[in-house]
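Novice: Sending over data_9.txt (compact mmCIF, N, CA, C and O atoms).
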# COMPACT_ATOMS: atom_id res chain seq x y z
N MET A 1 -12.69 20.53 -6.04
CA MET A 1 -11.80 19.45 -5.62
C MET A 1 -12.19 19.00 -4.21
O MET A 1 -12.35 19.81 -3.32
N ASP A 2 -12.36 17.69 -4.04
CA ASP A 2 -12.72 17.23 -2.70
C ASP A 2 -11.47 17.00 -1.86
O ASP A 2 -10.35 17.01 -2.38
N ILE A 3 -11.66 16.80 -0.58
CA ILE A 3 -10.55 16.74 0.36
C ILE A 3 -9.60 15.57 0.05
O ILE A 3 -8.40 15.70 0.19
N ASN A 4 -10.16 14.43 -0.40
CA ASN A 4 -9.31 13.27 -0.69
C ASN A 4 -8.39 13.55 -1.87
O ASN A 4 -7.22 13.18 -1.85
N LYS A 5 -8.92 14.20 -2.91
CA LYS A 5 -8.07 14.55 -4.06
C LYS A 5 -7.01 15.56 -3.63
O LYS A 5 -5.87 15.51 -4.09
N ALA A 6 -7.38 16.48 -2.75
CA ALA A 6 -6.42 17.48 -2.27
C ALA A 6 -5.29 16.81 -1.48
O ALA A 6 -4.13 17.18 -1.61
N ILE A 7 -5.64 15.80 -0.66
CA ILE A 7 -4.63 15.06 0.09
C ILE A 7 -3.68 14.36 -0.87
O ILE A 7 -2.46 14.43 -0.74
N ARG A 8 -4.25 13.68 -1.88
CA ARG A 8 -3.42 12.95 -2.84
C ARG A 8 -2.51 13.91 -3.61
O ARG A 8 -1.33 13.63 -3.84
N THR A 9 -3.03 15.07 -3.99
CA THR A 9 -2.23 16.06 -4.70
C THR A 9 -1.08 16.54 -3.82
O THR A 9 0.05 16.70 -4.28
N ALA A 10 -1.35 16.76 -2.52
CA ALA A 10 -0.30 17.19 -1.59
C ALA A 10 0.77 16.11 -1.46
O ALA A 10 1.96 16.42 -1.42
N VAL A 11 0.36 14.84 -1.41
CA VAL A 11 1.33 13.74 -1.31
C VAL A 11 2.19 13.68 -2.58
O VAL A 11 3.40 13.49 -2.51
N ASP A 12 1.55 13.85 -3.74
CA ASP A 12 2.26 13.71 -5.02
C ASP A 12 3.14 14.91 -5.36
O ASP A 12 4.21 14.75 -5.92
N THR A 13 2.70 16.13 -5.03
CA THR A 13 3.41 17.33 -5.48
C THR A 13 4.09 18.10 -4.36
O THR A 13 4.91 18.96 -4.62
N GLY A 14 3.71 17.82 -3.12
CA GLY A 14 4.26 18.58 -1.99
C GLY A 14 5.16 17.72 -1.14
O GLY A 14 5.80 16.79 -1.61
N GLU A 15 5.18 18.05 0.15
CA GLU A 15 6.01 17.31 1.10
C GLU A 15 5.14 16.99 2.31
O GLU A 15 4.55 17.89 2.92
N VAL A 16 5.04 15.70 2.63
CA VAL A 16 4.22 15.26 3.76
C VAL A 16 5.02 14.30 4.63
O VAL A 16 5.99 13.70 4.19
N VAL A 17 4.57 14.18 5.88
CA VAL A 17 5.14 13.21 6.81
C VAL A 17 4.02 12.24 7.16
O VAL A 17 2.93 12.67 7.55
N LEU A 18 4.26 10.94 7.01
CA LEU A 18 3.26 9.93 7.30
C LEU A 18 3.64 9.17 8.56
O LEU A 18 4.82 8.89 8.77
N GLY A 19 2.65 8.80 9.36
CA GLY A 19 2.89 8.01 10.56
C GLY A 19 2.85 8.86 11.81
O GLY A 19 3.32 10.00 11.82
N SER A 20 2.29 8.31 12.88
CA SER A 20 2.07 9.10 14.09
C SER A 20 3.37 9.52 14.76
O SER A 20 3.49 10.66 15.21
N ARG A 21 4.37 8.62 14.85
CA ARG A 21 5.62 9.00 15.53
C ARG A 21 6.34 10.14 14.81
O ARG A 21 6.75 11.12 15.44
N GLN A 22 6.50 10.00 13.49
CA GLN A 22 7.17 11.05 12.73
C GLN A 22 6.35 12.32 12.71
O GLN A 22 6.90 13.42 12.77
N ALA A 23 5.02 12.18 12.65
CA ALA A 23 4.15 13.35 12.63
C ALA A 23 4.28 14.13 13.94
O ALA A 23 4.45 15.35 13.92
N ILE A 24 4.23 13.43 15.07
CA ILE A 24 4.35 14.11 16.37
C ILE A 24 5.72 14.76 16.50
O ILE A 24 5.83 15.89 17.00
N ARG A 25 6.77 14.11 16.00
CA ARG A 25 8.10 14.70 16.04
C ARG A 25 8.12 16.01 15.23
O ARG A 25 8.67 17.01 15.67
N SER A 26 7.52 16.00 14.04
CA SER A 26 7.48 17.20 13.21
C SER A 26 6.69 18.31 13.89
O SER A 26 7.10 19.48 13.88
N ILE A 27 5.56 17.95 14.50
CA ILE A 27 4.70 18.94 15.17
C ILE A 27 5.46 19.56 16.34
O ILE A 27 5.41 20.77 16.55
N LYS A 28 6.17 18.74 17.12
CA LYS A 28 6.93 19.25 18.27
C LYS A 28 7.97 20.28 17.83
O LYS A 28 8.26 21.21 18.56
N HIS A 29 8.52 20.10 16.63
CA HIS A 29 9.52 21.04 16.11
C HIS A 29 8.87 22.21 15.38
O HIS A 29 9.58 23.03 14.79
N GLY A 30 7.53 22.27 15.40
CA GLY A 30 6.84 23.39 14.77
C GLY A 30 6.81 23.31 13.26
O GLY A 30 6.53 24.30 12.59
N LYS A 31 7.10 22.14 12.71
CA LYS A 31 7.09 21.97 11.26
C LYS A 31 5.71 21.49 10.84
O LYS A 31 5.14 20.62 11.47
N GLY A 32 5.22 22.03 9.76
CA GLY A 32 3.93 21.59 9.24
C GLY A 32 2.93 22.73 9.16
O GLY A 32 3.00 23.69 9.92
N LYS A 33 2.05 22.60 8.20
CA LYS A 33 1.00 23.61 8.00
C LYS A 33 -0.36 23.06 8.34
O LYS A 33 -1.29 23.81 8.57
N LEU A 34 -0.47 21.72 8.35
CA LEU A 34 -1.75 21.08 8.64
C LEU A 34 -1.49 19.64 9.07
O LEU A 34 -0.63 18.97 8.51
N VAL A 35 -2.25 19.18 10.07
CA VAL A 35 -2.19 17.79 10.51
C VAL A 35 -3.51 17.14 10.15
O VAL A 35 -4.57 17.70 10.45
N ILE A 36 -3.46 15.98 9.51
CA ILE A 36 -4.67 15.23 9.18
C ILE A 36 -4.62 13.92 9.95
O ILE A 36 -3.62 13.20 9.92
N VAL A 37 -5.72 13.64 10.66
CA VAL A 37 -5.80 12.45 11.51
C VAL A 37 -6.95 11.58 11.01
O VAL A 37 -8.04 12.09 10.75
N ALA A 38 -6.70 10.28 10.89
CA ALA A 38 -7.76 9.35 10.49
C ALA A 38 -8.80 9.25 11.61
O ALA A 38 -8.48 9.39 12.79
N GLY A 39 -10.03 8.99 11.23
CA GLY A 39 -11.13 8.93 12.19
C GLY A 39 -10.99 7.84 13.23
O GLY A 39 -11.50 7.96 14.34
N ASN A 40 -10.28 6.74 12.89
CA ASN A 40 -10.15 5.63 13.83
C ASN A 40 -8.82 5.62 14.57
O ASN A 40 -8.43 4.62 15.14
N CYS A 41 -8.12 6.75 14.56
CA CYS A 41 -6.83 6.85 15.25
C CYS A 41 -7.04 6.68 16.76
O CYS A 41 -8.07 7.08 17.30
N LYS A 42 -6.06 6.07 17.42
CA LYS A 42 -6.17 5.85 18.87
C LYS A 42 -6.31 7.18 19.60
O LYS A 42 -5.68 8.17 19.25
N GLU A 43 -7.13 7.17 20.63
CA GLU A 43 -7.46 8.40 21.37
C GLU A 43 -6.22 9.06 21.98
O GLU A 43 -6.09 10.28 21.96
N ASP A 44 -5.28 8.26 22.51
CA ASP A 44 -4.09 8.86 23.12
C ASP A 44 -3.21 9.55 22.08
O ASP A 44 -2.60 10.59 22.36
N ILE A 45 -3.17 9.01 20.87
CA ILE A 45 -2.39 9.64 19.81
C ILE A 45 -3.07 10.95 19.39
O ILE A 45 -2.40 11.97 19.20
N ILE A 46 -4.40 10.92 19.27
CA ILE A 46 -5.13 12.14 18.90
C ILE A 46 -4.89 13.23 19.94
O ILE A 46 -4.66 14.39 19.59
N GLU A 47 -4.91 12.86 21.23
CA GLU A 47 -4.67 13.84 22.29
C GLU A 47 -3.27 14.44 22.19
O GLU A 47 -3.09 15.65 22.32
N ASP A 48 -2.25 13.58 21.95
CA ASP A 48 -0.88 14.07 21.78
C ASP A 48 -0.79 15.03 20.59
O ASP A 48 -0.19 16.11 20.69
N VAL A 49 -1.36 14.61 19.46
CA VAL A 49 -1.31 15.43 18.24
C VAL A 49 -1.96 16.79 18.49
O VAL A 49 -1.39 17.83 18.18
N LYS A 50 -3.15 16.77 19.10
CA LYS A 50 -3.86 18.03 19.35
C LYS A 50 -3.07 18.93 20.30
O LYS A 50 -2.98 20.13 20.11
N TYR A 51 -2.48 18.34 21.34
CA TYR A 51 -1.73 19.11 22.32
C TYR A 51 -0.53 19.81 21.68
O TYR A 51 -0.36 21.02 21.79
N TYR A 52 0.30 19.03 20.97
CA TYR A 52 1.50 19.62 20.37
C TYR A 52 1.16 20.55 19.21
O TYR A 52 1.84 21.55 19.00
N ALA A 53 0.10 20.23 18.48
CA ALA A 53 -0.31 21.10 17.37
C ALA A 53 -0.79 22.45 17.91
O ALA A 53 -0.51 23.49 17.32
N LYS A 54 -1.48 22.42 19.05
CA LYS A 54 -1.93 23.69 19.65
C LYS A 54 -0.74 24.53 20.08
O LYS A 54 -0.71 25.75 19.87
N LEU A 55 0.27 23.89 20.66
CA LEU A 55 1.47 24.62 21.08
C LEU A 55 2.19 25.22 19.87
O LEU A 55 2.79 26.29 19.97
N SER A 56 2.15 24.53 18.74
CA SER A 56 2.87 24.98 17.55
C SER A 56 1.98 25.76 16.58
O SER A 56 2.42 26.11 15.49
N ASN A 57 0.73 26.01 16.97
CA ASN A 57 -0.22 26.74 16.11
C ASN A 57 -0.42 26.08 14.75
O ASN A 57 -0.44 26.75 13.73
N ILE A 58 -0.54 24.76 14.74
CA ILE A 58 -0.79 24.02 13.50
C ILE A 58 -2.22 23.48 13.57
O ILE A 58 -2.57 22.81 14.54
N PRO A 59 -3.04 23.76 12.55
CA PRO A 59 -4.41 23.25 12.59
C PRO A 59 -4.46 21.73 12.46
O PRO A 59 -3.62 21.12 11.79
N VAL A 60 -5.46 21.12 13.11
CA VAL A 60 -5.66 19.67 13.06
C VAL A 60 -7.00 19.40 12.40
O VAL A 60 -8.01 20.00 12.77
N TYR A 61 -7.00 18.50 11.44
CA TYR A 61 -8.24 18.11 10.75
C TYR A 61 -8.46 16.63 10.99
O TYR A 61 -7.62 15.80 10.64
N ILE A 62 -9.59 16.28 11.65
CA ILE A 62 -9.94 14.88 11.86
C ILE A 62 -10.76 14.45 10.65
O ILE A 62 -11.88 14.91 10.46
N HIS A 63 -10.16 13.58 9.83
CA HIS A 63 -10.82 13.14 8.60
C HIS A 63 -11.79 12.02 8.94
O HIS A 63 -11.58 11.25 9.87
N ASP A 64 -12.88 11.91 8.19
CA ASP A 64 -13.91 10.92 8.49
C ASP A 64 -13.65 9.57 7.81
O ASP A 64 -14.57 8.80 7.60
N VAL A 65 -12.40 9.28 7.47
CA VAL A 65 -12.04 7.97 6.91
C VAL A 65 -11.16 7.24 7.91
O VAL A 65 -10.57 7.86 8.78
N ASN A 66 -11.10 5.91 7.78
CA ASN A 66 -10.22 5.16 8.70
C ASN A 66 -8.79 5.16 8.15
O ASN A 66 -8.52 5.65 7.06
N SER A 67 -7.87 4.60 8.93
CA SER A 67 -6.45 4.67 8.58
C SER A 67 -6.12 3.90 7.30
O SER A 67 -5.25 4.32 6.53
N LEU A 68 -6.81 2.79 7.04
CA LEU A 68 -6.59 2.06 5.79
C LEU A 68 -6.99 2.91 4.59
O LEU A 68 -6.29 2.95 3.58
N GLU A 69 -8.14 3.58 4.70
CA GLU A 69 -8.61 4.44 3.61
C GLU A 69 -7.67 5.63 3.42
O GLU A 69 -7.38 6.02 2.28
N LEU A 70 -7.20 6.21 4.52
CA LEU A 70 -6.27 7.34 4.41
C LEU A 70 -4.97 6.90 3.74
O LEU A 70 -4.42 7.62 2.90
N GLY A 71 -4.50 5.71 4.07
CA GLY A 71 -3.32 5.17 3.40
C GLY A 71 -3.55 5.00 1.90
O GLY A 71 -2.70 5.35 1.08
N ALA A 72 -4.73 4.51 1.53
CA ALA A 72 -5.07 4.33 0.11
C ALA A 72 -5.16 5.68 -0.60
O ALA A 72 -4.70 5.82 -1.74
N ILE A 73 -5.73 6.68 0.07
CA ILE A 73 -5.83 8.03 -0.51
C ILE A 73 -4.42 8.56 -0.79
O ILE A 73 -4.18 9.20 -1.81
N CYS A 74 -3.49 8.27 0.11
CA CYS A 74 -2.10 8.71 -0.06
C CYS A 74 -1.35 7.88 -1.09
O CYS A 74 -0.22 8.18 -1.42
N GLY A 75 -1.98 6.78 -1.56
CA GLY A 75 -1.33 5.91 -2.52
C GLY A 75 -0.36 4.95 -1.88
O GLY A 75 0.57 4.47 -2.52
N LYS A 76 -0.55 4.66 -0.61
CA LYS A 76 0.36 3.78 0.13
C LYS A 76 -0.33 2.44 0.41
O LYS A 76 -1.53 2.40 0.65
N PRO A 77 0.45 1.34 0.44
CA PRO A 77 -0.16 0.02 0.71
C PRO A 77 -0.25 -0.31 2.20
O PRO A 77 -0.29 -1.46 2.58
N PHE A 78 -0.26 0.72 3.04
CA PHE A 78 -0.32 0.50 4.49
C PHE A 78 -1.21 1.57 5.11
O PHE A 78 -1.44 2.61 4.52
N PRO A 79 -1.71 1.30 6.33
CA PRO A 79 -2.57 2.29 6.99
C PRO A 79 -1.78 3.54 7.39
O PRO A 79 -0.60 3.44 7.76
N VAL A 80 -2.42 4.69 7.31
CA VAL A 80 -1.82 5.95 7.74
C VAL A 80 -2.80 6.58 8.73
O VAL A 80 -3.90 6.96 8.36
N SER A 81 -2.39 6.67 10.00
CA SER A 81 -3.31 7.22 11.00
C SER A 81 -3.14 8.73 11.16
O SER A 81 -4.10 9.43 11.45
N VAL A 82 -1.90 9.22 10.98
CA VAL A 82 -1.63 10.66 11.11
C VAL A 82 -0.70 11.07 9.99
O VAL A 82 0.24 10.36 9.67
N MET A 83 -0.97 12.23 9.41
CA MET A 83 -0.06 12.78 8.41
C MET A 83 0.05 14.28 8.62
O MET A 83 -0.88 14.92 9.10
N VAL A 84 1.22 14.83 8.32
CA VAL A 84 1.47 16.26 8.44
C VAL A 84 1.80 16.79 7.05
O VAL A 84 2.65 16.24 6.36
N ILE A 85 1.12 17.86 6.67
CA ILE A 85 1.42 18.53 5.41
C ILE A 85 2.50 19.57 5.71
O ILE A 85 2.24 20.56 6.40
N LEU A 86 3.72 19.34 5.22
CA LEU A 86 4.80 20.30 5.39
C LEU A 86 4.73 21.35 4.28
O LEU A 86 4.93 22.54 4.51
N ASP A 87 4.45 20.88 3.06
CA ASP A 87 4.32 21.75 1.90
C ASP A 87 3.18 21.20 1.05
O ASP A 87 3.25 20.04 0.62
N PRO A 88 2.11 21.97 0.82
CA PRO A 88 0.95 21.44 0.10
C PRO A 88 1.19 21.23 -1.39
O PRO A 88 0.36 20.62 -2.07
N GLY A 89 2.30 21.72 -1.93
CA GLY A 89 2.55 21.55 -3.36
C GLY A 89 1.48 22.25 -4.19
O GLY A 89 1.15 23.41 -3.93
N ASN A 90 0.91 21.54 -5.16
CA ASN A 90 -0.14 22.12 -6.01
C ASN A 90 -1.53 21.97 -5.42
O ASN A 90 -2.52 22.26 -6.08
N SER A 91 -1.61 21.48 -4.20
CA SER A 91 -2.90 21.22 -3.56
C SER A 91 -3.44 22.48 -2.88
O SER A 91 -2.69 23.31 -2.37
N ASP A 92 -4.77 22.60 -2.87
CA ASP A 92 -5.41 23.71 -2.16
C ASP A 92 -6.01 23.22 -0.84
O ASP A 92 -6.99 23.77 -0.36
N ILE A 93 -5.39 22.21 -0.25
CA ILE A 93 -5.94 21.59 0.96
C ILE A 93 -6.01 22.56 2.14
O ILE A 93 -6.95 22.50 2.93
N LEU A 94 -5.05 23.47 2.27
CA LEU A 94 -5.06 24.39 3.41
C LEU A 94 -6.29 25.29 3.36
O LEU A 94 -6.95 25.52 4.38
N GLU A 95 -6.65 25.77 2.17
CA GLU A 95 -7.84 26.61 2.03
C GLU A 95 -9.11 25.81 2.26
O GLU A 95 -10.06 26.28 2.86
N MET A 96 -9.11 24.56 1.77
CA MET A 96 -10.30 23.70 1.93
C MET A 96 -10.59 23.44 3.40
O MET A 96 -11.73 23.50 3.83
N VAL A 97 -9.55 23.15 4.17
CA VAL A 97 -9.74 22.85 5.59
C VAL A 97 -10.15 24.09 6.35
O VAL A 97 -10.99 24.04 7.25
N LYS A 98 -9.59 25.26 5.98
CA LYS A 98 -9.99 26.52 6.63
C LYS A 98 -11.47 26.78 6.41
O LYS A 98 -12.19 27.17 7.33
N SER A 99 -11.96 26.54 5.19
CA SER A 99 -13.36 26.82 4.89
C SER A 99 -14.29 25.83 5.58
O SER A 99 -15.40 26.17 5.94
N GLU A 100 -13.79 24.58 5.79
CA GLU A 100 -14.61 23.59 6.49
C GLU A 100 -14.60 23.82 7.99
O GLU A 100 -15.60 23.64 8.66
N GLY A 101 -13.43 24.15 8.52
CA GLY A 101 -13.26 24.27 9.97
C GLY A 101 -13.81 25.54 10.46
O GLY A 101 -14.27 25.78 11.50
What does this structure look like when you write it as structure tokens?
Specialist:
Amino acid sequence: MDINKAIRTAVDTGEVVLGSRQAIRSIKHGKGKLVIVAGNCKEDIIEDVKYYAKLSNIPVYIHDVNSLELGAICGKPFPVSVMVILDPGNSDILEMVKSEG
């Protein structure tokens, strides 16, 4: 299973937070098992995400797709720059990212 299919499976069967503001709020509260950031996300948002994720011990994965593509992978008609996996559902995304990282 490739990473994009794993993301879609997590969106369909698990619980995710989409959008940078909601994602950063979740990370600040220590919620989430993995943060996925689009490759074209603004640098200041990436810095905030990395900072709070480090404090909360949540791994961050910078995906090599842009926000429009990440939105499409999630099945959404809008760009998604940051997403947090709260519950991976039937997806094995957490293991995939560990093996890559």
Novice: At a cut-off of 12 Å from (-8.1, 9.8, 13.7) in the coordinates of the file, what residues are picked up using only C-alpha atoms, written as a ChimeraX atom specification?
Specialist: /A:19-20,35-50,60-70,79-83
Novice: Tell me, in Å to one decimal, how far atom N of Gly14 of chain A is from atom CA of Asp87 of chain A.
Specialist: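 That distance, rounded to one decimal, is 6.4 Å.
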Novice: Of the candidates A:Leu34, A:Ala53, A:Leu86, A:Ile27, which one gets nearest to Glu15 of chain A if we count all atoms listed in the file?
Specialist: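 Residue with the minimum atom-to-atom distance to Glu15 of chain A: A:Leu86.
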Novice: Which of chain A counts as strand (DSSP E) under DSSP, as a PyMOL selection string please?
Specialist: chain A and resi 15-18+34-37+60-62+82-87
Novice: So how many Å separate atom CA of Ser99 of chain A and atom CA of Tyr51 of chain A, to one decimal?
Specialist: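 We find that atom CA of Ser99 of chain A and atom CA of Tyr51 of chain A lie 22.3 Å from each other.
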Novice: Among chain A, which ones does DSSP assign to alpha helix (DSSP H) (computed from the backbone)? Answer as a VMD selection string.
Specialist: chain A and resid 3 to 13 20 to 28 43 to 55 67 to 73 93 to 100
Novice: Have a look at A:Lys33, A:Pro77, A:Arg21, A:Lys28 and name the one nearest to Leu94 of chain A; count only N, CA, C and O atoms.
Specialist: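 So, comparing all the options, the nearest one is A:Lys33.
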Novice: Can you tell me how far atom CA of Gly89 of chain A sits from atom CA of Thr13 of chain A, in Å to one decimal?
Specialist: 4.8 Å
Novice: List as number ranges by chain: which residues have an atom within 12 Å of (-0.3, 20.6, -7.9), counting only C-alpha atoms?
Specialist: A: 1, 5-15, 87-93
Novice: Would you mind telling me which residue in A:Ile73, A:Val84, A:Val97, A:Ile3 lies nearest to Ser26 of chain A when using only C-alpha atoms?
Specialist: A:Val84
Novice: Generate the coordinates of all heavy atoms for segment 7-18 of chain A; report them as a CSV table (one decimal), in the coordinates of the input.
Specialist:
chain,number,residue,atom,x,y,z
A,7,ILE,N,-5.6,15.8,-0.7
A,7,ILE,CA,-4.6,15.1,0.1
A,7,ILE,C,-3.7,14.4,-0.9
A,7,ILE,O,-2.5,14.4,-0.7
A,7,ILE,CB,-5.3,14.0,1.1
A,7,ILE,CG1,-6.0,14.8,2.2
A,7,ILE,CG2,-4.2,13.1,1.6
A,7,ILE,CD1,-6.8,13.9,3.1
A,8,ARG,N,-4.2,13.7,-1.9
A,8,ARG,CA,-3.4,13.0,-2.8
A,8,ARG,C,-2.5,13.9,-3.6
A,8,ARG,O,-1.3,13.6,-3.8
A,8,ARG,CB,-4.3,12.2,-3.8
A,8,ARG,CG,-3.5,11.3,-4.8
A,8,ARG,CD,-2.6,10.3,-4.0
A,8,ARG,NE,-1.7,9.6,-4.9
A,8,ARG,CZ,-1.9,8.4,-5.4
A,8,ARG,NH1,-2.9,7.7,-4.9
A,8,ARG,NH2,-1.0,7.9,-6.2
A,9,THR,N,-3.0,15.1,-4.0
A,9,THR,CA,-2.2,16.1,-4.7
A,9,THR,C,-1.1,16.5,-3.8
A,9,THR,O,0.0,16.7,-4.3
A,9,THR,CB,-3.1,17.2,-5.1
A,9,THR,OG1,-4.2,16.7,-5.9
A,9,THR,CG2,-2.3,18.2,-6.0
A,10,ALA,N,-1.4,16.8,-2.5
A,10,ALA,CA,-0.3,17.2,-1.6
A,10,ALA,C,0.8,16.1,-1.5
A,10,ALA,O,2.0,16.4,-1.4
A,10,ALA,CB,-0.9,17.5,-0.2
A,11,VAL,N,0.4,14.8,-1.4
A,11,VAL,CA,1.3,13.7,-1.3
A,11,VAL,C,2.2,13.7,-2.6
A,11,VAL,O,3.4,13.5,-2.5
A,11,VAL,CB,0.6,12.4,-1.1
A,11,VAL,CG1,1.6,11.2,-1.2
A,11,VAL,CG2,0.0,12.4,0.3
A,12,ASP,N,1.6,13.8,-3.7
A,12,ASP,CA,2.3,13.7,-5.0
A,12,ASP,C,3.1,14.9,-5.4
A,12,ASP,O,4.2,14.8,-5.9
A,12,ASP,CB,1.3,13.5,-6.2
A,12,ASP,CG,0.6,12.1,-6.1
A,12,ASP,OD1,1.1,11.2,-5.4
A,12,ASP,OD2,-0.4,11.9,-6.7
A,13,THR,N,2.7,16.1,-5.0
A,13,THR,CA,3.4,17.3,-5.5
A,13,THR,C,4.1,18.1,-4.4
A,13,THR,O,4.9,19.0,-4.6
A,13,THR,CB,2.5,18.3,-6.2
A,13,THR,OG1,1.5,18.8,-5.3
A,13,THR,CG2,1.8,17.6,-7.4
A,14,GLY,N,3.7,17.8,-3.1
A,14,GLY,CA,4.3,18.6,-2.0
A,14,GLY,C,5.2,17.7,-1.1
A,14,GLY,O,5.8,16.8,-1.6
A,15,GLU,N,5.2,18.0,0.2
A,15,GLU,CA,6.0,17.3,1.1
A,15,GLU,C,5.1,17.0,2.3
A,15,GLU,O,4.6,17.9,2.9
A,15,GLU,CB,7.2,18.2,1.5
A,15,GLU,CG,8.2,17.4,2.3
A,15,GLU,CD,9.4,18.3,2.7
A,15,GLU,OE1,9.5,19.4,2.2
A,15,GLU,OE2,10.2,17.9,3.6
A,16,VAL,N,5.0,15.7,2.6
A,16,VAL,CA,4.2,15.3,3.8
A,16,VAL,C,5.0,14.3,4.6
A,16,VAL,O,6.0,13.7,4.2
A,16,VAL,CB,2.9,14.6,3.3
A,16,VAL,CG1,2.1,15.5,2.5
A,16,VAL,CG2,3.2,13.3,2.5
A,17,VAL,N,4.6,14.2,5.9
A,17,VAL,CA,5.1,13.2,6.8
A,17,VAL,C,4.0,12.2,7.2
A,17,VAL,O,2.9,12.7,7.6
A,17,VAL,CB,5.7,13.9,8.1
A,17,VAL,CG1,6.1,12.9,9.1
A,17,VAL,CG2,6.8,14.9,7.8
A,18,LEU,N,4.3,10.9,7.0
A,18,LEU,CA,3.3,9.9,7.3
A,18,LEU,C,3.6,9.2,8.6
A,18,LEU,O,4.8,8.9,8.8
A,18,LEU,CB,3.1,9.0,6.1
A,18,LEU,CG,2.8,9.6,4.8
A,18,LEU,CD1,2.8,8.5,3.7
A,18,LEU,CD2,1.5,10.3,4.8
